[in-house]
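To be precise, the following lines are final_26.txt, and they hold compact mmCIF, C-alpha atoms and all ligand atoms.
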```txt
# COMPACT_ATOMS: atom_id res chain seq x y z
CA MET A 1 40.76 -19.81 52.34
CA THR A 2 43.17 -17.13 51.11
CA ASP A 3 42.33 -13.45 51.18
CA GLU A 4 41.58 -11.68 47.94
CA GLN A 5 43.63 -8.61 47.01
CA ARG A 6 40.71 -6.23 46.60
CA PHE A 7 42.59 -3.17 47.85
CA SER A 8 45.93 -3.31 46.02
CA GLY A 9 47.13 0.21 45.28
CA LYS A 10 44.57 1.75 47.64
CA THR A 11 45.10 3.79 50.78
CA ALA A 12 42.84 3.47 53.82
CA PHE A 13 42.59 6.04 56.61
CA LEU A 14 41.13 4.38 59.70
CA THR A 15 40.46 5.68 63.20
CA GLY A 16 40.47 3.53 66.33
CA VAL A 17 43.02 1.01 64.99
CA ALA A 18 44.73 0.37 68.35
CA SER A 19 42.10 -2.17 69.37
CA GLY A 20 39.04 -4.22 68.54
CA LEU A 21 37.22 -3.59 65.26
CA GLY A 22 39.68 -0.89 64.16
CA ARG A 23 42.65 -3.21 64.49
CA ALA A 24 40.83 -6.12 62.84
CA THR A 25 39.79 -3.86 59.94
CA ALA A 26 43.29 -2.43 59.53
CA MET A 27 44.71 -5.95 59.39
CA GLN A 28 42.09 -7.23 56.94
CA LEU A 29 42.50 -4.29 54.53
CA ALA A 30 46.29 -4.51 54.75
CA ARG A 31 46.20 -8.28 54.07
CA GLU A 32 44.20 -7.43 50.97
CA GLY A 33 46.80 -4.98 49.71
CA ALA A 34 45.76 -1.61 51.16
CA SER A 35 48.28 0.83 52.62
CA VAL A 36 46.80 1.71 56.00
CA PHE A 37 47.18 5.02 57.84
CA GLY A 38 45.77 4.37 61.30
CA VAL A 39 45.10 6.79 64.13
CA ASP A 40 44.13 6.36 67.77
CA VAL A 41 44.81 7.89 71.21
CA ASP A 42 46.47 4.66 72.39
CA ALA A 43 50.14 4.81 71.34
CA ASP A 44 51.01 1.28 72.54
CA GLY A 45 48.02 -0.21 70.76
CA LEU A 46 48.94 1.68 67.59
CA ASN A 47 52.47 0.30 67.73
CA ALA A 48 51.14 -3.24 68.16
CA THR A 49 48.78 -2.89 65.20
CA ARG A 50 51.49 -1.39 62.98
CA ALA A 51 53.93 -4.17 63.94
CA ALA A 52 51.34 -6.89 63.24
CA ILE A 53 50.73 -5.45 59.77
CA THR A 54 54.31 -4.72 58.79
CA ASP A 55 55.61 -8.04 60.20
CA ALA A 56 53.16 -9.73 57.82
CA GLY A 57 54.54 -7.70 54.91
CA GLY A 58 51.83 -5.05 54.81
CA ALA A 59 52.09 -1.25 54.70
CA CYS A 60 51.00 0.73 57.74
CA GLU A 61 51.73 4.15 59.22
CA THR A 62 50.22 5.33 62.47
CA ARG A 63 49.80 8.58 64.35
CA VAL A 64 48.52 9.40 67.82
CA VAL A 65 45.41 11.51 67.25
CA ASP A 66 42.54 12.47 69.52
CA VAL A 67 39.70 12.59 67.01
CA ARG A 68 37.80 15.11 69.13
CA SER A 69 40.10 17.80 67.72
CA ARG A 70 39.16 19.18 64.29
CA ASP A 71 42.71 20.40 63.67
CA ALA A 72 44.24 17.05 64.62
CA CYS A 73 41.85 15.20 62.26
CA HIS A 74 42.58 17.54 59.35
CA ASP A 75 46.35 17.31 59.97
CA ALA A 76 46.23 13.50 60.12
CA VAL A 77 44.28 13.17 56.88
CA ALA A 78 46.74 15.53 55.18
CA ALA A 79 49.63 13.42 56.53
CA ALA A 80 48.06 10.23 55.16
CA VAL A 81 47.64 11.76 51.71
CA SER A 82 51.20 13.04 51.78
CA GLU A 83 52.53 9.65 52.95
CA PHE A 84 50.67 7.43 50.50
CA GLY A 85 49.77 9.87 47.70
CA GLY A 86 45.98 9.59 47.88
CA LEU A 87 43.03 8.36 49.87
CA HIS A 88 40.50 5.74 48.77
CA ILE A 89 38.90 4.29 51.91
CA VAL A 90 38.03 6.11 55.12
CA GLY A 91 36.77 4.24 58.16
CA ASN A 92 35.50 6.14 61.18
CA ILE A 93 35.81 3.37 63.75
CA ALA A 94 37.03 5.00 67.00
CA GLY A 95 34.41 4.92 69.71
CA VAL A 96 33.81 4.96 73.44
CA ALA A 97 30.89 3.66 75.48
CA ARG A 98 29.87 4.22 79.07
CA SER A 99 26.83 3.08 81.02
CA HIS A 100 24.97 5.31 83.49
CA HIS A 101 21.64 6.10 84.93
CA PHE A 102 20.51 9.07 82.84
CA THR A 103 20.59 11.44 85.80
CA ASP A 104 24.19 10.47 86.66
CA VAL A 105 25.65 11.52 83.29
CA THR A 106 28.20 14.30 83.79
CA GLU A 107 29.18 16.97 81.31
CA ALA A 108 32.55 15.22 80.92
CA ASP A 109 30.82 11.88 80.11
CA TYR A 110 28.56 13.56 77.57
CA ASP A 111 31.39 15.51 75.91
CA LEU A 112 33.63 12.43 75.71
CA ILE A 113 31.01 10.18 74.12
CA MET A 114 29.67 12.75 71.67
CA GLY A 115 33.18 14.03 70.93
CA VAL A 116 34.73 10.67 70.06
CA ASN A 117 31.72 8.94 68.52
CA MET A 118 30.28 11.85 66.52
CA ALA A 119 32.53 14.93 66.30
CA GLY A 120 35.55 12.77 65.47
CA MET A 121 33.93 11.22 62.42
CA PHE A 122 32.53 14.60 61.40
CA TRP A 123 36.00 16.20 61.24
CA VAL A 124 37.74 13.20 59.66
CA SER A 125 35.04 13.01 56.98
CA GLN A 126 35.24 16.74 56.32
CA ALA A 127 39.00 16.56 55.82
CA ALA A 128 38.78 13.41 53.69
CA MET A 129 35.93 14.34 51.35
CA PRO A 130 37.95 16.32 48.76
CA HIS A 131 40.35 13.38 48.46
CA LEU A 132 37.54 10.82 48.21
CA LEU A 133 35.90 12.89 45.46
CA GLU A 134 39.19 12.79 43.58
CA SER A 135 39.69 9.02 44.02
CA HIS A 136 35.98 8.01 43.71
CA GLY A 137 36.53 6.51 47.13
CA THR A 138 34.34 5.30 49.96
CA LEU A 139 33.53 6.39 53.52
CA ILE A 140 32.30 3.96 56.16
CA ASN A 141 31.11 5.13 59.58
CA ILE A 142 30.71 2.71 62.46
CA ALA A 143 27.25 3.12 63.94
CA SER A 144 25.70 0.47 66.20
CA ASN A 145 22.48 -1.33 66.90
CA ALA A 146 22.39 1.33 69.65
CA GLY A 147 21.80 3.94 66.94
CA LEU A 148 18.75 2.06 65.68
CA MET A 149 16.96 1.13 68.91
CA GLY A 150 16.49 2.67 72.33
CA GLN A 151 18.64 1.19 75.08
CA ALA A 152 18.34 1.88 78.78
CA TYR A 153 21.37 3.05 80.74
CA THR A 154 23.31 4.14 77.63
CA VAL A 155 21.50 7.33 76.62
CA PRO A 156 24.59 9.33 75.54
CA TYR A 157 25.98 6.36 73.59
CA CYS A 158 22.66 5.75 71.81
CA THR A 159 22.35 9.49 71.13
CA SER A 160 25.81 9.54 69.54
CA LYS A 161 25.14 6.47 67.41
CA GLY A 162 21.73 7.80 66.32
CA ALA A 163 23.62 10.92 65.21
CA VAL A 164 26.03 8.71 63.25
CA VAL A 165 23.06 7.22 61.38
CA GLN A 166 21.68 10.65 60.47
CA PHE A 167 25.15 12.03 59.69
CA THR A 168 25.70 9.15 57.26
CA LYS A 169 22.35 9.56 55.53
CA SER A 170 22.60 13.33 55.15
CA LEU A 171 26.18 13.16 53.88
CA ALA A 172 25.13 10.44 51.43
CA MET A 173 22.46 12.77 50.07
CA GLU A 174 24.80 15.76 49.76
CA TYR A 175 27.17 13.62 47.66
CA VAL A 176 24.58 11.43 45.93
CA LYS A 177 25.55 12.82 42.49
CA SER A 178 29.24 12.05 43.02
CA ASP A 179 30.94 8.65 42.77
CA VAL A 180 31.79 8.55 46.48
CA ARG A 181 29.97 5.80 48.38
CA ILE A 182 29.03 6.69 51.95
CA ASN A 183 27.59 4.09 54.32
CA ALA A 184 27.38 3.16 57.97
CA LEU A 185 28.09 -0.28 59.39
CA ALA A 186 26.03 -1.05 62.48
CA PRO A 187 27.44 -3.92 64.55
CA GLY A 188 25.64 -5.53 67.46
CA GLY A 189 27.67 -6.87 70.37
CA MET A 190 31.33 -7.60 69.59
CA LYS A 191 33.87 -9.14 71.94
CA THR A 192 36.13 -6.10 72.38
CA ALA A 193 37.55 -3.87 75.11
CA LEU A 194 34.63 -1.50 74.66
CA VAL A 195 32.21 -4.09 76.02
CA ASP A 196 34.61 -5.14 78.78
CA GLY A 197 34.67 -1.53 80.04
CA PHE A 198 30.93 -0.92 79.97
CA ASN A 199 30.41 -0.97 83.79
CA MET A 200 26.64 -1.16 84.00
CA PRO A 201 25.07 0.37 87.13
CA ALA A 202 24.79 -2.24 89.89
CA ASP A 203 21.14 -1.42 90.61
CA LEU A 204 19.85 -1.58 87.03
CA ASP A 205 16.51 -3.12 86.09
CA PHE A 206 17.68 -6.02 83.93
CA SER A 207 14.23 -6.53 82.38
CA LEU A 208 14.73 -3.24 80.49
CA MET A 209 17.74 -4.72 78.71
CA GLN A 210 16.26 -7.97 77.43
CA ASN A 211 15.40 -6.53 74.00
CA TYR A 212 18.99 -5.87 73.15
CA MET A 213 20.77 -8.82 74.72
CA GLY A 214 20.37 -10.66 71.40
CA TYR A 215 19.83 -14.31 70.55
CA ARG A 216 23.21 -15.22 69.11
CA ASP A 217 26.74 -15.03 70.47
CA MET A 218 28.53 -11.72 70.27
CA ALA A 219 30.61 -11.40 67.11
CA GLU A 220 34.37 -11.49 66.92
CA ALA A 221 35.78 -8.19 65.64
CA GLU A 222 37.13 -10.05 62.58
CA GLU A 223 33.60 -11.08 61.56
CA VAL A 224 32.54 -7.44 61.42
CA ALA A 225 35.81 -6.33 59.79
CA SER A 226 35.04 -8.66 56.90
CA VAL A 227 31.71 -6.84 56.39
CA PHE A 228 33.59 -3.53 56.44
CA ALA A 229 35.91 -4.90 53.76
CA PHE A 230 32.96 -5.95 51.61
CA LEU A 231 31.40 -2.47 51.93
CA ALA A 232 34.75 -0.89 51.02
CA SER A 233 35.17 -3.14 47.99
CA ASP A 234 33.88 -2.74 44.45
CA ALA A 235 31.52 -5.66 45.13
CA ALA A 236 29.41 -3.16 47.11
CA SER A 237 29.22 -0.66 44.22
CA ALA A 238 25.42 -0.38 44.54
CA VAL A 239 25.51 0.35 48.28
CA HIS A 240 25.26 4.05 49.15
CA GLY A 241 23.50 5.78 52.02
CA SER A 242 22.76 2.53 53.80
CA ILE A 243 22.96 1.55 57.45
CA TRP A 244 24.31 -1.98 57.05
CA SER A 245 23.62 -4.10 60.11
CA ALA A 246 25.99 -6.83 61.30
CA ASP A 247 24.22 -7.64 64.55
CA GLY A 248 23.13 -11.28 64.42
CA GLY A 249 19.48 -10.29 64.04
CA LEU A 250 19.32 -7.95 67.02
CA THR A 251 17.51 -5.14 65.19
CA ALA A 252 15.38 -7.47 63.06
CA SER A 253 12.75 -7.86 65.76
N1 LIG B 1 32.00 -3.75 70.84
C1 LIG B 1 30.71 -3.65 70.58
O1 LIG B 1 29.87 -4.41 71.10
C2 LIG B 1 30.24 -2.61 69.60
C3 LIG B 1 28.92 -2.71 69.11
C4 LIG B 1 28.47 -1.78 68.19
C5 LIG B 1 29.32 -0.78 67.76
N2 LIG B 1 30.59 -0.72 68.23
C6 LIG B 1 31.44 0.35 67.72
O2 LIG B 1 32.59 -0.21 67.11
C7 LIG B 1 33.64 0.77 67.12
C8 LIG B 1 34.92 0.11 67.58
O3 LIG B 1 34.79 -0.24 68.94
P1 LIG B 1 35.41 -1.58 69.54
O4 LIG B 1 34.28 -2.41 69.99
O5 LIG B 1 36.41 -2.14 68.61
O6 LIG B 1 36.08 -1.00 70.87
P2 LIG B 1 37.59 -0.82 71.30
O7 LIG B 1 37.54 -0.15 72.62
O8 LIG B 1 38.32 -2.11 71.19
O9 LIG B 1 38.17 0.19 70.19
C9 LIG B 1 37.88 1.56 70.19
C10 LIG B 1 39.14 2.33 69.82
O10 LIG B 1 38.83 3.73 69.78
C11 LIG B 1 39.94 4.40 70.33
N3 LIG B 1 39.60 5.76 70.80
C12 LIG B 1 38.92 6.09 71.93
N4 LIG B 1 38.89 7.43 72.08
C13 LIG B 1 39.56 7.96 71.02
C14 LIG B 1 39.87 9.29 70.61
N5 LIG B 1 39.48 10.35 71.34
N6 LIG B 1 40.58 9.47 69.46
C15 LIG B 1 41.01 8.41 68.73
N7 LIG B 1 40.74 7.12 69.09
C16 LIG B 1 40.02 6.89 70.20
C17 LIG B 1 40.38 3.51 71.50
O11 LIG B 1 41.67 3.83 71.97
C18 LIG B 1 40.27 2.15 70.87
O12 LIG B 1 41.47 1.75 70.24
C19 LIG B 1 33.15 1.90 68.02
O13 LIG B 1 32.68 2.97 67.22
C20 LIG B 1 32.01 1.27 68.79
O14 LIG B 1 31.07 2.22 69.22
C21 LIG B 1 31.07 -1.61 69.14
```
What does the file become when written as structure tokens?
Ligand SMILES: NC(=O)c1ccc[n+]([C@@H]2O[C@H](COP(=O)([O-])OP(=O)(O)OC[C@H]3O[C@@H](n4cnc5c(N)ncnc54)[C@H](O)[C@@H]3O)[C@@H](O)[C@H]2O)c1
Amino acid sequence: MTDEQRFSGKTAFLTGVASGLGRATAMQLAREGASVFGVDVDADGLNATRAAITDAGGACETRVVDVRSRDACHDAVAAAVSEFGGLHIVGNIAGVARSHHFTDVTEADYDLIMGVNMAGMFWVSQAAMPHLLESHGTLINIASNAGLMGQAYTVPYCTSKGAVVQFTKSLAMEYVKSDVRINALAPGGMKTALVDGFNMPADLDFSLMQNYMGYRDMAEAEEVASVFAFLASDAASAVHGSIWSADGGLTAS
């Protein structure tokens, strides 16, 4: 099956493209004709993503950006617009997850998780919105099943993803009379580095986790990237303000 070219002539600004879902999304959009401006804190991962895209004939620029910084996010969005002459698709994909007993969470843990998962998308979206209004573009925020259900041992992560859900809905309402489409994509488990680095507490009560272990295999990042691409495409023209689950039924129960 060959890819369509749904994004020819369009520019995508994506965070978290050094790995996992961000890389898979960058590669999918680029295969379908988008020029991708990707940011991440991981310089080596960024280089690998850019090489994979350009070696395949696609267009990709990257920049090392810590999305916790408002100034860095605004500068990066401006650089993308200057590089490619506009902005049509914005994907807030960067994220971190840690597992703790609630009482073990440090201020540094809390600031990291809220800073990357929530503040980062706040500042990127703020910088991008004038350009999306101009291009009638689309904004997609990566939430999680963890933003839709309570999960033990991941309170800061769930808090950040719940904030992503509410951020997406409130932004969708503020811009409901514009042509910009604003949605969240809520994956369940995906086989990425984020899951590998979870480090659950050794003495956890496993029975508390059964509700969110799921019934199907974890998704490959590419399976979720294809849902991102659908949401970013004109085929999803009716979708605005939604929290679109791609979790194998996890939140259906
Ligand atoms: N993997 C899962 O099971 C799962 C489930 C639901 C939601 N998600 C969400 O999917 C998104 C992508 O995660 P993934 O699973 O691909 O993990 P991943 O670890 O493979 O990718 C996350 C990327 O974010 C980048 N990042 C971290 N801190 C950053 C910062 N301060 N500034 C810029 N970039 C930063 C990392 O370097 C990495 O490249 C995240 O928002 C995550 O919360 C993941």
Residues within 12 Å of Val105 of chain A, please, as an mmCIF file with C-alpha atoms, in the coordinates of the input. Count all atoms listed in the file; anything in the same chain fewer than 5 positions from it doesn't count.
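Output (part.cif):
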```cif
data_model
loop_
_atom_site.group_PDB
_atom_site.id
_atom_site.type_symbol
_atom_site.label_atom_id
_atom_site.label_comp_id
_atom_site.auth_asym_id
_atom_site.auth_seq_id
_atom_site.Cartn_x
_atom_site.Cartn_y
_atom_site.Cartn_z
ATOM 1 C CA ARG A 98 29.870 4.220 79.070
ATOM 2 C CA SER A 99 26.830 3.080 81.020
ATOM 3 C CA HIS A 100 24.970 5.310 83.490
ATOM 4 C CA TYR A 110 28.560 13.560 77.570
ATOM 5 C CA ASP A 111 31.390 15.510 75.910
ATOM 6 C CA LEU A 112 33.630 12.430 75.710
ATOM 7 C CA ILE A 113 31.010 10.180 74.120
ATOM 8 C CA TYR A 153 21.370 3.050 80.740
ATOM 9 C CA THR A 154 23.310 4.140 77.630
ATOM 10 C CA VAL A 155 21.500 7.330 76.620
ATOM 11 C CA PRO A 156 24.590 9.330 75.540
ATOM 12 C CA TYR A 157 25.980 6.360 73.590
ATOM 13 C CA PRO A 201 25.070 0.370 87.130
#
```
Within 8 Å of ligand LIG 1 (chain B), which residues of chain A come that close, and what is the closest atom pair and distance in Å for each? Count all atoms listed in the file and give it as CSV.
```
residue,atom,partner,partner_atom,distance
A:Thr15,CA,B:LIG1,N7,6.1
A:Gly16,CA,B:LIG1,O10,3.8
A:Val17,CA,B:LIG1,O12,5.5
A:Ala18,CA,B:LIG1,O12,4.0
A:Ser19,CA,B:LIG1,O12,4.1
A:Gly20,CA,B:LIG1,O5,3.4
A:Leu21,CA,B:LIG1,O5,3.7
A:Gly22,CA,B:LIG1,O5,5.7
A:Arg23,CA,B:LIG1,O5,7.6
A:Val39,CA,B:LIG1,C15,6.4
A:Asp40,CA,B:LIG1,N7,3.7
A:Val41,CA,B:LIG1,C15,4.6
A:Asp42,CA,B:LIG1,O11,4.9
A:Gly45,CA,B:LIG1,O12,6.9
A:Leu46,CA,B:LIG1,O12,7.9
A:Val64,CA,B:LIG1,C15,7.6
A:Val65,CA,B:LIG1,C15,5.6
A:Asp66,CA,B:LIG1,N6,3.6
A:Val67,CA,B:LIG1,N6,4.1
A:Arg68,CA,B:LIG1,N5,5.5
A:Asn92,CA,B:LIG1,O13,7.4
A:Ile93,CA,B:LIG1,O13,4.7
A:Ala94,CA,B:LIG1,O10,3.5
A:Gly95,CA,B:LIG1,O13,3.6
A:Val96,CA,B:LIG1,C12,5.4
A:Ala97,CA,B:LIG1,O14,6.4
A:Leu112,CA,B:LIG1,N5,7.6
A:Gly115,CA,B:LIG1,N5,7.3
A:Val116,CA,B:LIG1,N5,4.9
A:Asn117,CA,B:LIG1,O13,6.2
A:Gly120,CA,B:LIG1,N6,7.2
A:Ile142,CA,B:LIG1,O13,5.2
A:Ala143,CA,B:LIG1,C5,5.8
A:Ser144,CA,B:LIG1,C4,4.1
A:Asn145,CA,B:LIG1,C4,6.1
A:Ala146,CA,B:LIG1,C4,7.0
A:Tyr157,CA,B:LIG1,O14,7.9
A:Lys161,CA,B:LIG1,O14,7.5
A:Ala186,CA,B:LIG1,C5,6.2
A:Pro187,CA,B:LIG1,C4,4.3
A:Gly188,CA,B:LIG1,C3,4.6
A:Gly189,CA,B:LIG1,O1,3.4
A:Met190,CA,B:LIG1,O1,3.8
A:Lys191,CA,B:LIG1,N1,5.8
A:Thr192,CA,B:LIG1,O8,4.7
A:Ala193,CA,B:LIG1,O8,4.4
A:Leu194,CA,B:LIG1,O7,3.8
A:Val195,CA,B:LIG1,N1,5.2
A:Met218,CA,B:LIG1,O1,7.5
A:Ala221,CA,B:LIG1,O5,6.8
```
Rounded to one decimal place, report the atom CA of Thr25 of chain A-atom CA of Gly214 of chain A distance in Å.
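Computing the Euclidean distance for atom CA of Thr25 of chain A and atom CA of Gly214 of chain A yields 23.6 Å.
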Per residue of segment 55-160 of chain A within 10 Å of segment 237-241 of chain A, which atom pair is closest and at what distance in Å (one decimal), using only C-alpha atoms, listed by chain and increasing number, as JSON lines?
```
{"residue": "A:Thr138", "atom": "CA", "partner": "A:His240", "partner_atom": "CA", "distance": 9.2}
{"residue": "A:Leu139", "atom": "CA", "partner": "A:His240", "partner_atom": "CA", "distance": 9.6}
{"residue": "A:Ile140", "atom": "CA", "partner": "A:Gly241", "partner_atom": "CA", "distance": 9.9}
```
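Take atom CA of Glu222 of chain A and atom CA of Gly249 of chain A: the distance between them is 17.7 Å.
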Which of A:Ala76, A:Ala12, A:Leu133, A:Ala172 sits closest to Ile89 of chain A [using all atoms listed in the file]:
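Among the listed residues, the smallest separation from Ile89 of chain A belongs to A:Ala12.
As for atom CA of Lys177 of chain A and atom CA of Val77 of chain A, they are spaced 23.6 Å apart.
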Shortest interatomic distance to Met149 of chain A - which of A:Phe13, A:Leu171, A:Phe206, A:Ser253, counting all atoms listed in the file
A:Ser253
Can you list, as a PyMOL selection string, every protein, DNA or RNA residue that comes within 10 Å of Asp75 of chain A when you count only C-alpha atoms, leaving out same-chain residues fewer than 5 positions away?
chain A and resi 65+69-70+80+124+127
Name the residues in contact with Met27 of chain A at a cut-off of 8 Å, using only C-alpha atoms, excluding same-chain residues fewer than 6 positions from it; report them as a list of chain:residue names.
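Using only C-alpha atoms, the neighbours found are A:Thr49, A:Ala52, A:Ile53.
Distances to Phe37 of chain A were evaluated for A:Ala202, A:Val90, A:Ala24, A:Ala72 using all atoms listed in the file, and the minimum falls at A:Val90.
Checking A:Ala128, A:Cys73, A:Met114, A:Ala152 one by one against Leu204 of chain A, counting all atoms listed in the file, you find the shortest gap at A:Ala152.
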For a cut-off of 10 Å around (50.9, -7.0, 56.2), file coordinates, pick out all residues using only C-alpha atoms and list them as a short mmCIF file (atom, residue, chain, number, x, y, z; two decimals) with C-alpha atoms, keeping the file's coordinate frame.
```cif
data_model
loop_
_atom_site.label_atom_id
_atom_site.label_comp_id
_atom_site.auth_asym_id
_atom_site.auth_seq_id
_atom_site.Cartn_x
_atom_site.Cartn_y
_atom_site.Cartn_z
CA ALA A 26 43.29 -2.43 59.53
CA MET A 27 44.71 -5.95 59.39
CA GLN A 28 42.09 -7.23 56.94
CA LEU A 29 42.50 -4.29 54.53
CA ALA A 30 46.29 -4.51 54.75
CA ARG A 31 46.20 -8.28 54.07
CA GLU A 32 44.20 -7.43 50.97
CA GLY A 33 46.80 -4.98 49.71
CA ALA A 34 45.76 -1.61 51.16
CA SER A 35 48.28 0.83 52.62
CA VAL A 36 46.80 1.71 56.00
CA ARG A 50 51.49 -1.39 62.98
CA ALA A 51 53.93 -4.17 63.94
CA ALA A 52 51.34 -6.89 63.24
CA ILE A 53 50.73 -5.45 59.77
CA THR A 54 54.31 -4.72 58.79
CA ASP A 55 55.61 -8.04 60.20
CA ALA A 56 53.16 -9.73 57.82
CA GLY A 57 54.54 -7.70 54.91
CA GLY A 58 51.83 -5.05 54.81
CA ALA A 59 52.09 -1.25 54.70
CA CYS A 60 51.00 0.73 57.74
#
```
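For Met213 of chain A, the list of residues within 9 Å, based on all atoms listed in the file and with local chain neighbours fewer than 3 positions off taken out, reads Gly189, Met209, Gln210, Arg216 and Leu250 of chain A.
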Between A:Ile243, A:Ser207, A:Leu185, A:Val176, which has the minimum distance to Phe230 of chain A (counting only C-alpha atoms)?
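Ranking A:Ile243, A:Ser207, A:Leu185, A:Val176 by distance to Phe230 of chain A, first place goes to A:Leu185.
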Using all atoms listed in the file, find the one residue out of A:Val224, A:Ala232, A:Ala163, A:Leu14 that sits nearest to Asn183 of chain A.
A:Ala232
